[in-house]
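Everything below concerns the one structure shown next.
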Amino acid sequence: MREQLHKYVELDLDAVFEKFYDTMLSDKDFSSFFKDDQQIKSLVMRQKKFLLDSITASDEEVKARYIKLGELHYEIKLPYVDYMASINILQEGLIHAIAEFGQPLELLEATANFFKSVRTFTAKGYLNKMLESDIRDIDFYLAQVQRTAEIDISLSTERMIWLKNVIFAIKVENRAAAPVLHLPEEVLNAIKAATQGDQMLMNYVTEIAGRMEVDARNIFYFLDRRSYEEVLPLYHELMSIYKLALMLTNVVTIASTNSLVQILSKDALTGMLTRHALRPVFRRELTIAAAGQYDISLIMFDIDNFKSVNDTFGHAAGDEVLAKMARIATETIRATDFAFRLGGEEFLLILKGASQKVALAQAELMRQEMEEISFEFNGRLHQVTSSFGVVTFTPPFEETYERMIEISDEKMYDSKRNGRNRVSF
């Protein structure tokens with residue numbers, strides 16, 4: 001039926017697109033996206049070909065095409081509602097033309113089903129980019145967290161980490177990969193203590209928490225059904241509620257312990273999490289991964305002959321090397337992953353949902369980039385390499401988290417023993 005639809009559309013497409021663009025350009029909100037007639041003409045030609053090719057493409061090809069289109073439209077800041085309105089106009093034009101020429105009912109159904117796929121997968125593209133953007137914003141927030149004497153920000157930090165894990169679960173479309181969808185009891189208790197008996201404020205907090213839980217549950221309900229066009233507005237509302245919750249934190253003095261702030265303290269030189277963060281973060285991620293049934297990969301790496309850099313060129317040179325190598329590592333991994341400086345020149349990366357193949361590719365990319373860098377110390381160029389160990393663990397994670405780290409450390413030292421500047425697994 002899609003082939004029959006293609007034959008019909010190919011014959012009548014010019015007339016449909018002429019009506020489509022007449023409608024679009026008569027609306028000043030739509031017309032503002034077009035620069036001139038030449039741009040419109042060029043765009044019409046590309047869209048005709050894109051639509052025709054998509055009609056006869058396989059379901060997987062249609063999915064890939066329109067997810068990519070949604071991502072592109074998000075990047076050029078074309079509002080989702082405007083795009084969907086334009087798709088509806090185009091669909092109505094085609095259906096009207098098909099009905100007017102007495103085509104069979106099956107062709108109308110095929111047209112409706114095709115455009116349903118277009119809307120669904122374009123929404124998925126928009127959602128992909130929103131998730132990536134929000135994770136970047138969360139990581140920026142966590143990187144800027146500073147402990148002060150006046151304000152204890154541990155509660156907002158805990159919420160942001162909770163949200164980061166929920167976003168990851170949405171991205172991999174796995175409800176089990178998310179933490180509990182309600183605010184933990186200790187978080188609510190901390191807010192209650194900070195509000196000092198202000199019942200109105202506490203009611204407000206409880207309402208926000210309830211709305212977050214409902215939206216999160218509905219998101220996973222529609223994700224299970226691949227109804228991305230339903231997920232998108234729910235996710236948008238969830239993020240809006242979170243902004244309200246963060247505003248609340250700014251007006252409430254949080255009475256809580258310093259433990260989480262200490263846990264999440266960042267290494268000043270590299271910006272990575274410190275060794276103090278490793279145990280609680282890793283154990284929590286293993287629990288979530290076990291529930292979500294996805295792999296966890298570890299990449300341990302150590303800078304080769306680092307002591308000679310300090311001894312020959314001084315500690316300022318050593319700091320430059322550490323900062324640069326750490327930046328390569330953090331820029332290579334995804335925003336949903338975690339990076340730790342364990343001490344000295346040794347680092348550990350936790351990759352969520354990454355297979356051994358993916359982790360090895362990431363490690364090799366880092367190794368190559370580090371090998372290609374030249375440092376200039378005292379007028380001399382100096383090359384620095386690193387040795388990597390990669391291990392992938394699969395649920396139910398029979399090893400303890402301490403043993404997992406030991407195994408990754410052993411693989412890294414295999415690289416050291418076998419000549420350095422290599423990846424072992």
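Simple scheme: letters A, B, ... for chains in structure tokens order, numbers from 1 for residues in each chain, numbers from 1 for ligands in the order shown.
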
Name the residues in contact with Ile405 (chain A) at a cut-off of 9 Å, using only C-alpha atoms, excluding same-chain residues fewer than 5 positions from it; report them as a PyMOL selection string. chain A and resi 298+300+348+400+410

Those same residues - N, CA and C atoms - I'd like them written as a PDB file, in the first residue's frame.
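Below is the file again-v5.pdb, written as the result:
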ATOM      1  N   LEU A 298      33.780  -0.137  33.229  1.00  0.00           N
ATOM      2  CA  LEU A 298      34.761   0.697  33.927  1.00  0.00           C
ATOM      3  C   LEU A 298      35.980   0.886  33.028  1.00  0.00           C
ATOM      4  N   MET A 300      39.734   2.302  33.659  1.00  0.00           N
ATOM      5  CA  MET A 300      40.763   2.814  34.567  1.00  0.00           C
ATOM      6  C   MET A 300      41.952   3.241  33.708  1.00  0.00           C
ATOM      7  N   LEU A 348      39.321   6.950  37.052  1.00  0.00           N
ATOM      8  CA  LEU A 348      38.339   5.896  36.810  1.00  0.00           C
ATOM      9  C   LEU A 348      37.095   6.507  36.179  1.00  0.00           C
ATOM     10  N   THR A 400      31.715  -7.809  44.179  1.00  0.00           N
ATOM     11  CA  THR A 400      31.517  -6.588  44.971  1.00  0.00           C
ATOM     12  C   THR A 400      32.045  -5.398  44.183  1.00  0.00           C
ATOM     13  N   GLU A 410      43.700  -4.121  37.647  1.00  0.00           N
ATOM     14  CA  GLU A 410      44.580  -5.189  37.145  1.00  0.00           C
ATOM     15  C   GLU A 410      44.734  -5.110  35.626  1.00  0.00           C
TER      16      GLU A 410
END

Practice problem: Name all residues at most 10 Å from Ser117 (chain A) (count only C-alpha atoms; drop same-chain ones fewer than 6 positions away) and give them as a PyMOL selection string. | Solution: chain A and resi 59+62-63+66+123+227

Using only C-alpha atoms, determine which residues lie at most 9 Å from Ile288 (chain A), disregarding the query and same-chain residues fewer than 6 positions distant; provide the list as an NGL selection string. :A and (165 or 176-179 or 294)

Dump of N, CA and C atoms for the selected residues, as a PDB file, in the first residue's frame:
ATOM      1  N   ASN A 165      19.504  10.632  36.775  1.00  0.00           N
ATOM      2  CA  ASN A 165      19.238   9.206  36.612  1.00  0.00           C
ATOM      3  C   ASN A 165      17.878   8.956  35.937  1.00  0.00           C
ATOM      4  N   ALA A 176      12.997   0.493  34.626  1.00  0.00           N
ATOM      5  CA  ALA A 176      13.762  -0.110  35.718  1.00  0.00           C
ATOM      6  C   ALA A 176      15.116   0.565  35.924  1.00  0.00           C
ATOM      7  N   ALA A 177      15.576   1.323  34.934  1.00  0.00           N
ATOM      8  CA  ALA A 177      16.862   2.012  35.065  1.00  0.00           C
ATOM      9  C   ALA A 177      16.744   3.300  35.868  1.00  0.00           C
ATOM     10  N   ALA A 178      15.529   3.682  36.234  1.00  0.00           N
ATOM     11  CA  ALA A 178      15.314   4.915  36.995  1.00  0.00           C
ATOM     12  C   ALA A 178      15.317   4.620  38.489  1.00  0.00           C
ATOM     13  N   PRO A 179      15.700   5.597  39.316  1.00  0.00           N
ATOM     14  CA  PRO A 179      15.537   5.432  40.760  1.00  0.00           C
ATOM     15  C   PRO A 179      14.056   5.537  41.115  1.00  0.00           C
ATOM     16  N   TYR A 294      21.058  -3.511  32.689  1.00  0.00           N
ATOM     17  CA  TYR A 294      22.013  -3.035  31.689  1.00  0.00           C
ATOM     18  C   TYR A 294      23.434  -3.111  32.244  1.00  0.00           C
TER      19      TYR A 294
END

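Candidate residues A:Leu72, A:Leu51, A:Ala329, A:Ile167 were compared for distance to Gln91 (chain A), and the nearest is A:Leu51, using only C-alpha atoms.
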
Next on the checklist: Can you pull out every residue from region 249-373 of chain A that DSSP, working from the backbone, puts in alpha helix (DSSP H), and format the result as a PyMOL selection string?
Outcome noted: chain A and resi 249-251+259-263+275-292+306-313+315-332+356-372

Point to revise | region 295-405 of chain A: residues DSSP assigns to strand (DSSP E), reported as a count of residues only | key: 37

Determine the nearest neighbour of Gln293 (chain A) from the options A:Leu181, A:Ala169, A:Met412, A:Leu232, counting only C-alpha atoms.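 Closest to Gln293 (chain A) of all the choices is A:Ala169.
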
- prompt: Contacts of region 414-420 of chain A at 10 Å or less, counting only C-alpha atoms, minus same-chain residues fewer than 4 places along, as an MDAnalysis selection string?
  reply: chainID A and resid 301:305 385:389 408:410 424:425

Correct to one decimal, the distance CA of Met84 (chain A)-CA of Met239 (chain A) is 21.2 Å

- Neighbours of Ala361 (chain A) within 12 Å (only C-alpha atoms; same-chain residues fewer than 4 positions away dropped), as a VMD selection string? chain A and resid 297 299 332 to 333 354 to 357 365 to 368 388 390 423 to 425
